[in-house]
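Trainee: Input file: coords.cif. Contents: mmCIF, C-alpha atoms and all ligand atoms.
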data_protein
#
loop_
_atom_site.group_PDB
_atom_site.id
_atom_site.type_symbol
_atom_site.label_atom_id
_atom_site.label_comp_id
_atom_site.auth_asym_id
_atom_site.auth_seq_id
_atom_site.Cartn_x
_atom_site.Cartn_y
_atom_site.Cartn_z
ATOM 1 C CA MET A 20 0.000 0.000 0.000
ATOM 2 C CA SER A 21 1.455 3.381 -1.031
ATOM 3 C CA ILE A 22 1.300 6.176 1.557
ATOM 4 C CA ASN A 23 1.616 8.706 -1.281
ATOM 5 C CA LYS A 24 -1.628 7.387 -2.815
ATOM 6 C CA GLU A 25 -3.497 7.283 0.511
ATOM 7 C CA VAL A 26 -3.097 10.947 1.444
ATOM 8 C CA LYS A 27 -4.796 13.974 -0.096
ATOM 9 C CA ARG A 28 -1.810 16.262 0.461
ATOM 10 C CA ILE A 29 1.800 15.419 1.176
ATOM 11 C CA THR A 30 3.057 16.957 4.420
ATOM 12 C CA THR A 31 6.291 16.708 6.360
ATOM 13 C CA ASN A 32 4.559 14.012 8.463
ATOM 14 C CA THR A 33 3.768 12.029 5.326
ATOM 15 C CA LEU A 34 7.468 11.952 4.487
ATOM 16 C CA MET A 35 8.275 10.619 7.953
ATOM 17 C CA MET A 36 5.610 7.929 7.543
ATOM 18 C CA MET A 37 7.079 7.026 4.165
ATOM 19 C CA LYS A 38 10.523 6.591 5.698
ATOM 20 C CA GLN A 39 9.097 4.400 8.444
ATOM 21 C CA ALA A 40 7.230 2.279 5.881
ATOM 22 C CA GLY A 41 10.269 2.028 3.587
ATOM 23 C CA GLU A 42 8.460 3.888 0.781
ATOM 24 C CA LYS A 43 10.900 5.935 -1.287
ATOM 25 C CA ILE A 44 10.367 9.693 -1.551
ATOM 26 C CA SER A 45 10.461 11.365 -4.980
ATOM 27 C CA MET A 46 11.536 14.989 -5.268
ATOM 28 C CA LEU A 47 12.217 17.199 -8.297
ATOM 29 C CA THR A 48 12.963 20.861 -8.697
ATOM 30 C CA ALA A 49 10.546 23.245 -10.417
ATOM 31 C CA TYR A 50 10.597 26.985 -10.817
ATOM 32 C CA ASP A 51 7.395 27.917 -12.634
ATOM 33 C CA TYR A 52 3.636 27.311 -12.754
ATOM 34 C CA SER A 53 3.470 25.162 -15.907
ATOM 35 C CA PHE A 54 6.146 22.623 -14.975
ATOM 36 C CA ALA A 55 4.923 22.542 -11.362
ATOM 37 C CA ARG A 56 1.478 21.484 -12.706
ATOM 38 C CA ILE A 57 3.026 18.670 -14.768
ATOM 39 C CA ILE A 58 5.246 17.442 -11.948
ATOM 40 C CA ASP A 59 2.528 17.597 -9.292
ATOM 41 C CA SER A 60 -0.049 15.862 -11.462
ATOM 42 C CA ALA A 61 2.487 13.100 -12.232
ATOM 43 C CA GLY A 62 2.456 12.201 -8.530
ATOM 44 C CA ILE A 63 5.693 13.637 -7.155
ATOM 45 C CA ASP A 64 5.998 13.786 -3.357
ATOM 46 C CA VAL A 65 8.052 16.993 -3.071
ATOM 47 C CA ILE A 66 8.844 19.931 -5.344
ATOM 48 C CA LEU A 67 11.973 21.839 -4.458
ATOM 49 C CA VAL A 68 12.084 25.416 -5.681
ATOM 50 C CA GLY A 69 15.853 25.188 -5.722
ATOM 51 C CA ASP A 70 18.309 28.026 -5.939
ATOM 52 C CA SER A 71 19.513 26.050 -8.973
ATOM 53 C CA ALA A 72 17.041 28.454 -10.631
ATOM 54 C CA SER A 73 20.087 30.715 -10.670
ATOM 55 C CA ASN A 74 21.734 28.257 -13.093
ATOM 56 C CA VAL A 75 18.931 26.777 -15.164
ATOM 57 C CA MET A 76 16.489 29.693 -15.270
ATOM 58 C CA ALA A 77 18.802 32.715 -15.153
ATOM 59 C CA GLY A 78 21.940 31.234 -16.785
ATOM 60 C CA HIS A 79 24.358 32.106 -13.983
ATOM 61 C CA GLU A 80 27.433 29.949 -13.442
ATOM 62 C CA THR A 81 26.671 29.445 -9.729
ATOM 63 C CA THR A 82 23.718 29.606 -7.335
ATOM 64 C CA LEU A 83 25.146 32.650 -5.572
ATOM 65 C CA PRO A 84 23.561 35.539 -7.510
ATOM 66 C CA ILE A 85 19.878 34.636 -7.072
ATOM 67 C CA THR A 86 18.023 36.939 -4.675
ATOM 68 C CA LEU A 87 15.274 36.382 -2.125
ATOM 69 C CA ASP A 88 12.828 38.384 -4.282
ATOM 70 C CA GLN A 89 13.625 36.185 -7.273
ATOM 71 C CA MET A 90 13.157 32.989 -5.225
ATOM 72 C CA ILE A 91 9.822 34.361 -4.000
ATOM 73 C CA TYR A 92 8.741 35.002 -7.599
ATOM 74 C CA HIS A 93 9.623 31.408 -8.619
ATOM 75 C CA ALA A 94 8.081 29.842 -5.517
ATOM 76 C CA SER A 95 4.783 31.700 -5.752
ATOM 77 C CA SER A 96 4.493 30.656 -9.427
ATOM 78 C CA VAL A 97 5.134 27.016 -8.441
ATOM 79 C CA ILE A 98 2.564 27.102 -5.649
ATOM 80 C CA ARG A 99 -0.148 28.201 -8.096
ATOM 81 C CA GLY A 100 0.488 25.020 -10.118
ATOM 82 C CA VAL A 101 0.423 22.582 -7.200
ATOM 83 C CA GLN A 102 -2.509 20.787 -5.591
ATOM 84 C CA ARG A 103 -0.949 17.893 -3.766
ATOM 85 C CA CYS A 104 2.793 17.771 -3.239
ATOM 86 C CA LEU A 105 4.903 19.402 -0.539
ATOM 87 C CA VAL A 106 6.705 22.536 -1.759
ATOM 88 C CA VAL A 107 10.099 23.360 -0.260
ATOM 89 C CA VAL A 108 11.940 26.582 -1.123
ATOM 90 C CA ASP A 109 15.689 27.230 -0.915
ATOM 91 C CA LEU A 110 16.853 30.180 1.155
ATOM 92 C CA PRO A 111 19.318 31.817 -1.244
ATOM 93 C CA PHE A 112 22.939 32.663 -0.482
ATOM 94 C CA GLY A 113 23.355 35.634 1.854
ATOM 95 C CA THR A 114 19.861 35.510 3.344
ATOM 96 C CA TYR A 115 20.570 33.328 6.390
ATOM 97 C CA GLN A 116 24.307 32.999 7.021
ATOM 98 C CA SER A 117 24.893 36.197 9.006
ATOM 99 C CA ASN A 118 22.627 35.555 12.004
ATOM 100 C CA SER A 119 19.510 33.705 13.083
ATOM 101 C CA GLU A 120 17.286 36.830 13.164
ATOM 102 C CA ILE A 121 18.026 37.503 9.501
ATOM 103 C CA ALA A 122 17.554 33.813 8.712
ATOM 104 C CA LEU A 123 14.126 33.840 10.356
ATOM 105 C CA ALA A 124 13.128 37.053 8.567
ATOM 106 C CA SER A 125 14.060 35.481 5.207
ATOM 107 C CA ALA A 126 12.169 32.274 5.982
ATOM 108 C CA VAL A 127 9.107 34.256 7.085
ATOM 109 C CA ARG A 128 9.117 36.221 3.818
ATOM 110 C CA ILE A 129 9.172 32.961 1.833
ATOM 111 C CA MET A 130 6.299 31.464 3.827
ATOM 112 C CA LYS A 131 4.144 34.640 3.805
ATOM 113 C CA GLU A 132 4.748 35.753 0.232
ATOM 114 C CA THR A 133 4.699 32.393 -1.572
ATOM 115 C CA GLY A 134 2.390 30.037 0.321
ATOM 116 C CA ALA A 135 5.131 27.377 0.302
ATOM 117 C CA HIS A 136 5.241 24.693 2.977
ATOM 118 C CA ALA A 137 8.885 24.582 4.079
ATOM 119 C CA ILE A 138 12.317 26.040 3.474
ATOM 120 C CA LYS A 139 15.712 24.456 2.825
ATOM 121 C CA LEU A 140 19.112 25.788 3.748
ATOM 122 C CA GLU A 141 22.681 24.555 3.382
ATOM 123 C CA GLY A 142 25.154 23.736 6.132
ATOM 124 C CA GLY A 143 25.711 21.784 9.326
ATOM 125 C CA GLU A 144 26.969 23.014 12.698
ATOM 126 C CA GLU A 145 27.316 26.612 11.493
ATOM 127 C CA ALA A 146 23.609 26.755 10.528
ATOM 128 C CA ILE A 147 22.178 25.166 13.692
ATOM 129 C CA GLU A 148 21.277 28.377 15.514
ATOM 130 C CA SER A 149 19.345 29.643 12.479
ATOM 131 C CA ILE A 150 17.605 26.285 12.002
ATOM 132 C CA LYS A 151 16.458 26.276 15.639
ATOM 133 C CA LYS A 152 15.165 29.838 15.337
ATOM 134 C CA ILE A 153 13.225 29.100 12.131
ATOM 135 C CA VAL A 154 11.809 25.822 13.472
ATOM 136 C CA SER A 155 10.739 27.538 16.709
ATOM 137 C CA ALA A 156 8.661 29.944 14.582
ATOM 138 C CA GLY A 157 6.769 26.934 13.223
ATOM 139 C CA ILE A 158 8.488 26.791 9.845
ATOM 140 C CA PRO A 159 9.604 23.328 8.681
ATOM 141 C CA VAL A 160 13.288 23.212 7.679
ATOM 142 C CA MET A 161 15.045 20.799 5.318
ATOM 143 C CA GLY A 162 18.832 20.587 5.675
ATOM 144 C CA HIS A 163 21.433 20.148 2.934
ATOM 145 C CA LEU A 164 24.857 18.544 3.505
ATOM 146 C CA GLY A 165 27.710 17.164 1.392
ATOM 147 C CA LEU A 166 28.244 19.242 -1.721
ATOM 148 C CA THR A 167 26.641 22.556 -0.832
ATOM 149 C CA PRO A 168 26.752 24.692 -4.007
ATOM 150 C CA GLN A 169 26.477 28.010 -2.139
ATOM 151 C CA SER A 170 29.991 27.265 -0.777
ATOM 152 C CA ILE A 171 31.497 26.473 -4.175
ATOM 153 C CA TYR A 172 34.220 29.110 -3.862
ATOM 154 C CA LYS A 173 35.273 27.584 -0.532
ATOM 155 C CA PHE A 174 35.427 24.042 -2.001
ATOM 156 C CA GLY A 175 36.829 25.212 -5.361
ATOM 157 C CA THR A 176 35.297 22.184 -7.118
ATOM 158 C CA TYR A 177 32.023 20.291 -7.640
ATOM 159 C CA ALA A 178 33.797 16.952 -6.984
ATOM 160 C CA VAL A 179 32.404 14.239 -4.656
ATOM 161 C CA ARG A 180 32.516 15.331 -0.993
ATOM 162 C CA ALA A 181 33.347 13.455 2.217
ATOM 163 C CA LYS A 182 35.569 10.787 0.660
ATOM 164 C CA GLU A 183 38.110 11.330 3.425
ATOM 165 C CA GLU A 184 37.488 10.089 6.972
ATOM 166 C CA THR A 185 37.623 13.530 8.653
ATOM 167 C CA GLU A 186 35.030 15.069 6.349
ATOM 168 C CA ALA A 187 32.835 11.943 6.540
ATOM 169 C CA GLU A 188 32.887 12.081 10.354
ATOM 170 C CA LYS A 189 31.966 15.788 10.278
ATOM 171 C CA LEU A 190 29.101 15.073 7.887
ATOM 172 C CA LYS A 191 27.740 12.327 10.178
ATOM 173 C CA ALA A 192 27.943 14.656 13.187
ATOM 174 C CA ASP A 193 26.307 17.503 11.220
ATOM 175 C CA ALA A 194 23.448 15.233 10.131
ATOM 176 C CA LYS A 195 22.746 14.345 13.779
ATOM 177 C CA LEU A 196 22.821 18.042 14.716
ATOM 178 C CA LEU A 197 20.317 18.880 11.967
ATOM 179 C CA GLU A 198 17.949 16.234 13.281
ATOM 180 C CA GLU A 199 18.351 17.427 16.883
ATOM 181 C CA ALA A 200 17.750 21.032 15.786
ATOM 182 C CA GLY A 201 14.371 19.981 14.379
ATOM 183 C CA CYS A 202 14.881 19.539 10.622
ATOM 184 C CA PHE A 203 12.145 17.367 9.106
ATOM 185 C CA ALA A 204 14.468 15.994 6.403
ATOM 186 C CA THR A 205 17.829 16.600 4.806
ATOM 187 C CA VAL A 206 19.384 16.486 1.363
ATOM 188 C CA LEU A 207 22.735 14.731 0.969
ATOM 189 C CA GLU A 208 24.483 15.824 -2.206
ATOM 190 C CA LYS A 209 27.302 14.031 -4.028
ATOM 191 C CA ILE A 210 28.800 11.837 -1.326
ATOM 192 C CA PRO A 211 29.789 8.132 -1.376
ATOM 193 C CA ALA A 212 26.793 5.759 -1.323
ATOM 194 C CA GLN A 213 28.053 3.810 1.713
ATOM 195 C CA LEU A 214 28.365 6.995 3.765
ATOM 196 C CA ALA A 215 24.867 8.089 2.708
ATOM 197 C CA LYS A 216 23.576 4.636 3.732
ATOM 198 C CA GLU A 217 25.147 4.950 7.167
ATOM 199 C CA VAL A 218 23.713 8.436 7.684
ATOM 200 C CA THR A 219 20.263 7.418 6.392
ATOM 201 C CA GLU A 220 20.106 4.430 8.718
ATOM 202 C CA SER A 221 21.254 6.480 11.715
ATOM 203 C CA LEU A 222 18.521 9.134 11.410
ATOM 204 C CA HIS A 223 14.773 9.186 12.064
ATOM 205 C CA MET A 224 14.224 12.017 9.572
ATOM 206 C CA PRO A 225 14.107 11.202 5.846
ATOM 207 C CA VAL A 226 17.288 11.628 3.800
ATOM 208 C CA ILE A 227 16.920 12.705 0.172
ATOM 209 C CA GLY A 228 19.954 12.011 -1.991
ATOM 210 C CA ILE A 229 21.343 13.552 -5.142
ATOM 211 C CA GLY A 230 24.436 11.714 -6.303
ATOM 212 C CA ALA A 231 24.398 9.936 -2.930
ATOM 213 C CA GLY A 232 23.384 6.449 -4.058
ATOM 214 C CA LYS A 233 20.429 4.140 -3.710
ATOM 215 C CA TYR A 234 20.198 3.722 0.053
ATOM 216 C CA CYS A 235 18.761 7.183 0.804
ATOM 217 C CA ASP A 236 15.075 7.440 1.715
ATOM 218 C CA GLY A 237 14.411 9.392 -1.466
ATOM 219 C CA GLN A 238 15.985 11.021 -4.507
ATOM 220 C CA VAL A 239 16.021 14.517 -5.954
ATOM 221 C CA LEU A 240 17.120 15.697 -9.408
ATOM 222 C CA VAL A 241 17.124 19.069 -11.084
ATOM 223 C CA MET A 242 14.199 18.988 -13.523
ATOM 224 C CA HIS A 243 16.145 20.669 -16.349
ATOM 225 C CA ASP A 244 18.832 17.969 -16.122
ATOM 226 C CA MET A 245 16.513 14.929 -16.014
ATOM 227 C CA LEU A 246 14.315 16.231 -18.825
ATOM 228 C CA GLY A 247 17.326 17.125 -20.971
ATOM 229 C CA ILE A 248 16.485 20.820 -21.165
ATOM 230 C CA ASN A 249 19.920 21.602 -19.833
ATOM 231 C CA THR A 250 22.315 19.340 -21.751
ATOM 232 C CA GLU A 251 25.620 20.796 -20.604
ATOM 233 C CA PHE A 252 25.536 19.076 -17.210
ATOM 234 C CA LYS A 253 25.941 15.299 -17.355
ATOM 235 C CA PRO A 254 27.311 13.963 -14.071
ATOM 236 C CA LYS A 255 27.499 10.193 -13.476
ATOM 237 C CA PHE A 256 24.553 10.292 -11.058
ATOM 238 C CA LEU A 257 22.140 11.864 -13.554
ATOM 239 C CA ARG A 258 19.527 9.737 -15.316
ATOM 240 C CA GLN A 259 18.196 11.715 -18.296
ATOM 241 C CA TYR A 260 14.599 10.751 -19.138
ATOM 242 C CA LEU A 261 14.046 12.992 -22.163
ATOM 243 C CA ASN A 262 16.050 15.183 -24.499
ATOM 244 C CA ILE A 263 13.815 18.232 -24.647
ATOM 245 C CA PHE A 264 16.696 20.385 -25.918
ATOM 246 C CA ASP A 265 16.989 18.319 -29.128
ATOM 247 C CA GLN A 266 13.235 17.784 -29.502
ATOM 248 C CA ALA A 267 12.480 21.477 -28.992
ATOM 249 C CA THR A 268 15.270 22.466 -31.389
ATOM 250 C CA GLU A 269 13.770 20.207 -34.083
ATOM 251 C CA ALA A 270 10.287 21.641 -33.425
ATOM 252 C CA VAL A 271 11.531 25.232 -33.699
ATOM 253 C CA LYS A 272 13.461 24.403 -36.908
ATOM 254 C CA SER A 273 10.244 22.971 -38.392
ATOM 255 C CA TYR A 274 8.307 26.085 -37.376
ATOM 256 C CA VAL A 275 10.934 28.405 -38.910
ATOM 257 C CA ASN A 276 10.840 26.373 -42.114
ATOM 258 C CA ASP A 277 7.003 26.343 -42.201
ATOM 259 C CA VAL A 278 6.883 30.139 -41.813
ATOM 260 C CA LYS A 279 9.601 30.770 -44.410
ATOM 261 C CA THR A 280 7.959 28.473 -46.959
ATOM 262 C CA ASN A 281 4.500 29.955 -46.297
ATOM 263 C CA ASP A 282 3.251 26.530 -45.194
ATOM 264 C CA PHE A 283 2.107 27.973 -41.825
ATOM 265 C CA PRO A 284 -0.587 29.061 -41.336
ATOM 266 C CA ASN A 285 -2.672 27.019 -43.764
ATOM 267 C CA GLU A 286 -6.354 27.531 -44.676
ATOM 268 C CA LYS A 287 -7.565 25.706 -41.548
ATOM 269 C CA GLU A 288 -5.336 27.730 -39.282
ATOM 270 C CA GLN A 289 -6.835 31.113 -40.117
ATOM 271 C CA TYR A 290 -10.149 32.967 -39.512
HETATM 272 O O1 LIG A 301 18.942 24.024 -5.764
HETATM 273 C C1 LIG A 301 18.799 22.815 -6.003
HETATM 274 O O2 LIG A 301 18.342 22.401 -7.077
HETATM 275 C C2 LIG A 301 19.192 21.867 -4.962
HETATM 276 C C3 LIG A 301 19.206 20.412 -5.337
HETATM 277 C C4 LIG A 301 20.417 20.114 -6.120
HETATM 278 C C5 LIG A 301 19.073 19.544 -4.150
HETATM 279 O O3 LIG A 301 19.513 22.250 -3.875
#
Would you mind giving the structure from this file in structure tokens?
Mentor:
Amino acid sequence: MSINKEVKRITTNTLMMMKQAGEKISMLTAYDYSFARIIDSAGIDVILVGDSASNVMAGHETTLPITLDQMIYHASSVIRGVQRCLVVVDLPFGTYQSNSEIALASAVRIMKETGAHAIKLEGGEEAIESIKKIVSAGIPVMGHLGLTPQSIYKFGTYAVRAKEETEAEKLKADAKLLEEAGCFATVLEKIPAQLAKEVTESLHMPVIGIGAGKYCDGQVLVMHDMLGINTEFKPKFLRQYLNIFDQATEAVKSYVNDVKTNDFPNEKEQY
């Protein structure tokens, strides 16, 4: 029996029940109304309005430039397309790192101005005070450990994280801290599968992996990568389900040709 199919709306509690029942959690990013409608009606559990919008929607090299106002615009568009799934919104770079009051103010803006159901932020020990503050205001928080793209200039590379013992131990400790601080779930990005398995099994809260192997409680992918809209990013962990870039290119070429040759519009396509 699928918990997803039993409930009318997916909540943070539903995700916990899914973990307990061993039912995998599906999560995808979305940034606009139309794709949110498709993804929600296809039965996804969680939509993440990721700050990857900075890359795939705005064309920036990193997630750093996107602003809180821009995230609010994307998230409120997504919410209008969703009837069932849980919607989680990334707090963008610079809107929570300085102190917990600012973090709470940013989270409150997201909740008030978008109608979303939860926020996500990156980091372990250093983010705990902010997580506690946001959770104590009644806002559900999803954590994000491993490769944390907002710290790309600190890492200097998008390579697999926590391969070394010291970093793996820190990640395990950080994951425990996130759970103790009240996170309802966490993302683990680009870490070895065995480490992700250990962390997943040690926590009560659901763990959603991206490039973290099959033992996590759920998986997340960036929609533009899995649908082949963005074709420049092909990491080993990505499964590409469509090639919209090529299909759309062919469609546009046909349209250009039809216009140039006066084939479009035809008699039936005019008033
Ligand atoms: O912004 C994003 O898309 C994310 C996922 C990669 C988890 O944080």
Trainee: How many Å lie between CA of Thr205 in chain A and CA of Pro225 in chain A, rounded to one decimal?
Mentor: 6.6 Å
Trainee: Give me, as number ranges by chain, the set of residues whose atoms come within 10 Å of any atom of ligand LIG 301 (chain A), counting only C-alpha atoms and all ligand atoms.
Mentor: A: 46-50, 66-75, 82, 108-111, 139-141, 162-164, 166-169, 205-209, 227-230, 238-243
Trainee: Any idea what's packed within 8 Å of Pro84 in chain A, counting all atoms listed in the file, ignoring anything in its chain fewer than 3 positions away? Could you give it as a list in words?
Mentor: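 Non-adjacent residues within range: Ser73, His79, Thr81 and Phe112 of chain A.
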Trainee: With C-alpha atoms retained, export the selected residues as a tab-separated table (two decimals), keeping the file's coordinate frame.
Mentor:
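Just written: out11.tsv:
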chain	number	residue	atom	x	y	z
A	73	SER	CA	20.09	30.72	-10.67
A	79	HIS	CA	24.36	32.11	-13.98
A	81	THR	CA	26.67	29.44	-9.73
A	112	PHE	CA	22.94	32.66	-0.48
Trainee: Quick one, how far is CA of Cys202 in chain A from CA of Thr176 in chain A?
Mentor: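 Calculated distance between CA of Cys202 in chain A and CA of Thr176 in chain A is 27.2 Å.
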Trainee: When you count all atoms listed in the file, which of these residues is closest to Lys38 in chain A: A:Gly157, A:Pro254, A:Gly232, A:Gly237?
Mentor: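 Closest to Lys38 in chain A, using all atoms listed in the file: A:Gly237.
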Trainee: Please measure the separation of CA of Lys173 in chain A and CA of Lys216 in chain A, giving the value in Å to one decimal.
Mentor: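 One can read the CA of Lys173 in chain A to CA of Lys216 in chain A distance as 26.1 Å.
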Trainee: My list of candidates is A:Met224, A:Met37, A:Val107, A:Ala181. Which is closest to Pro159 in chain A when distances are computed with only C-alpha atoms?
Mentor: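 Of A:Met224, A:Met37, A:Val107, A:Ala181, the one nearest Pro159 in chain A, counting only C-alpha atoms, is A:Val107.
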Trainee: Do you know which residues are at most 9 Å from Val218 in chain A counting only C-alpha atoms, after dropping those on the same chain fewer than 6 positions away, and could you put them as a list of chain:residue names?
Mentor: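 Using only C-alpha atoms, the neighbours found are A:Leu190, A:Lys191, A:Ala194, A:Lys195, A:Val226, A:Cys235.
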Trainee: Would you save the residues from that selection as a compact mmCIF listing (two decimals), keeping the file's coordinate frame, using C-alpha atoms?
Mentor:
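Contents of the output file out_1.txt:
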# COMPACT_ATOMS: atom_id res chain seq x y z
CA LEU A 190 29.10 15.07 7.89
CA LYS A 191 27.74 12.33 10.18
CA ALA A 194 23.45 15.23 10.13
CA LYS A 195 22.75 14.34 13.78
CA VAL A 226 17.29 11.63 3.80
CA CYS A 235 18.76 7.18 0.80
Trainee: In terms of the shortest atom-to-atom distance over all atoms listed in the file, which of A:Gly100, A:Thr280, A:Val179, A:Val154 is closest to Phe256 in chain A?
Mentor: A:Val179
Trainee: Can you work out which one of A:Met35, A:Leu261, A:Val127, A:Ile44 has the shortest atom-to-atom distance to Asp236 in chain A, counting all atoms listed in the file?
Mentor: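 Of A:Met35, A:Leu261, A:Val127, A:Ile44, the one nearest Asp236 in chain A, counting all atoms listed in the file, is A:Ile44.
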Trainee: Model the absent atoms of range 243-255 of chain A so that N, CA, C and O atoms are present, and write the result as a PDB file, in the frame of the given file.
Mentor:
ATOM      1  N   HIS A 243      15.554  20.341 -15.049  1.00  0.00           N
ATOM      2  CA  HIS A 243      16.145  20.669 -16.349  1.00  0.00           C
ATOM      3  C   HIS A 243      17.200  19.650 -16.783  1.00  0.00           C
ATOM      4  O   HIS A 243      17.431  19.464 -17.972  1.00  0.00           O
ATOM      5  N   ASP A 244      17.836  18.996 -15.796  1.00  0.00           N
ATOM      6  CA  ASP A 244      18.832  17.969 -16.122  1.00  0.00           C
ATOM      7  C   ASP A 244      18.143  16.672 -16.521  1.00  0.00           C
ATOM      8  O   ASP A 244      18.510  16.039 -17.516  1.00  0.00           O
ATOM      9  N   MET A 245      17.125  16.236 -15.738  1.00  0.00           N
ATOM     10  CA  MET A 245      16.513  14.929 -16.014  1.00  0.00           C
ATOM     11  C   MET A 245      15.613  14.956 -17.248  1.00  0.00           C
ATOM     12  O   MET A 245      15.404  13.928 -17.877  1.00  0.00           O
ATOM     13  N   LEU A 246      15.134  16.137 -17.610  1.00  0.00           N
ATOM     14  CA  LEU A 246      14.315  16.231 -18.825  1.00  0.00           C
ATOM     15  C   LEU A 246      15.161  16.595 -20.057  1.00  0.00           C
ATOM     16  O   LEU A 246      14.636  16.706 -21.156  1.00  0.00           O
ATOM     17  N   GLY A 247      16.459  16.802 -19.842  1.00  0.00           N
ATOM     18  CA  GLY A 247      17.326  17.125 -20.971  1.00  0.00           C
ATOM     19  C   GLY A 247      17.035  18.493 -21.567  1.00  0.00           C
ATOM     20  O   GLY A 247      17.136  18.696 -22.775  1.00  0.00           O
ATOM     21  N   ILE A 248      16.642  19.425 -20.709  1.00  0.00           N
ATOM     22  CA  ILE A 248      16.485  20.820 -21.165  1.00  0.00           C
ATOM     23  C   ILE A 248      17.864  21.462 -21.119  1.00  0.00           C
ATOM     24  O   ILE A 248      18.294  22.172 -22.012  1.00  0.00           O
ATOM     25  N   ASN A 249      18.542  21.175 -20.011  1.00  0.00           N
ATOM     26  CA  ASN A 249      19.920  21.602 -19.833  1.00  0.00           C
ATOM     27  C   ASN A 249      20.806  20.415 -20.209  1.00  0.00           C
ATOM     28  O   ASN A 249      20.797  19.395 -19.536  1.00  0.00           O
ATOM     29  N   THR A 250      21.549  20.508 -21.297  1.00  0.00           N
ATOM     30  CA  THR A 250      22.315  19.340 -21.751  1.00  0.00           C
ATOM     31  C   THR A 250      23.808  19.474 -21.474  1.00  0.00           C
ATOM     32  O   THR A 250      24.587  18.597 -21.815  1.00  0.00           O
ATOM     33  N   GLU A 251      24.179  20.590 -20.832  1.00  0.00           N
ATOM     34  CA  GLU A 251      25.620  20.796 -20.604  1.00  0.00           C
ATOM     35  C   GLU A 251      26.111  20.090 -19.351  1.00  0.00           C
ATOM     36  O   GLU A 251      27.307  19.965 -19.127  1.00  0.00           O
ATOM     37  N   PHE A 252      25.183  19.638 -18.505  1.00  0.00           N
ATOM     38  CA  PHE A 252      25.536  19.076 -17.210  1.00  0.00           C
ATOM     39  C   PHE A 252      25.191  17.596 -17.215  1.00  0.00           C
ATOM     40  O   PHE A 252      24.018  17.222 -17.197  1.00  0.00           O
ATOM     41  N   LYS A 253      26.233  16.731 -17.282  1.00  0.00           N
ATOM     42  CA  LYS A 253      25.941  15.299 -17.355  1.00  0.00           C
ATOM     43  C   LYS A 253      26.767  14.508 -16.343  1.00  0.00           C
ATOM     44  O   LYS A 253      27.612  13.697 -16.708  1.00  0.00           O
ATOM     45  N   PRO A 254      26.549  14.725 -15.054  1.00  0.00           N
ATOM     46  CA  PRO A 254      27.311  13.963 -14.071  1.00  0.00           C
ATOM     47  C   PRO A 254      26.891  12.490 -14.079  1.00  0.00           C
ATOM     48  O   PRO A 254      25.809  12.149 -14.571  1.00  0.00           O
ATOM     49  N   LYS A 255      27.743  11.635 -13.508  1.00  0.00           N
ATOM     50  CA  LYS A 255      27.499  10.193 -13.476  1.00  0.00           C
ATOM     51  C   LYS A 255      26.157   9.856 -12.817  1.00  0.00           C
ATOM     52  O   LYS A 255      25.476   8.913 -13.205  1.00  0.00           O
TER      53      LYS A 255
END
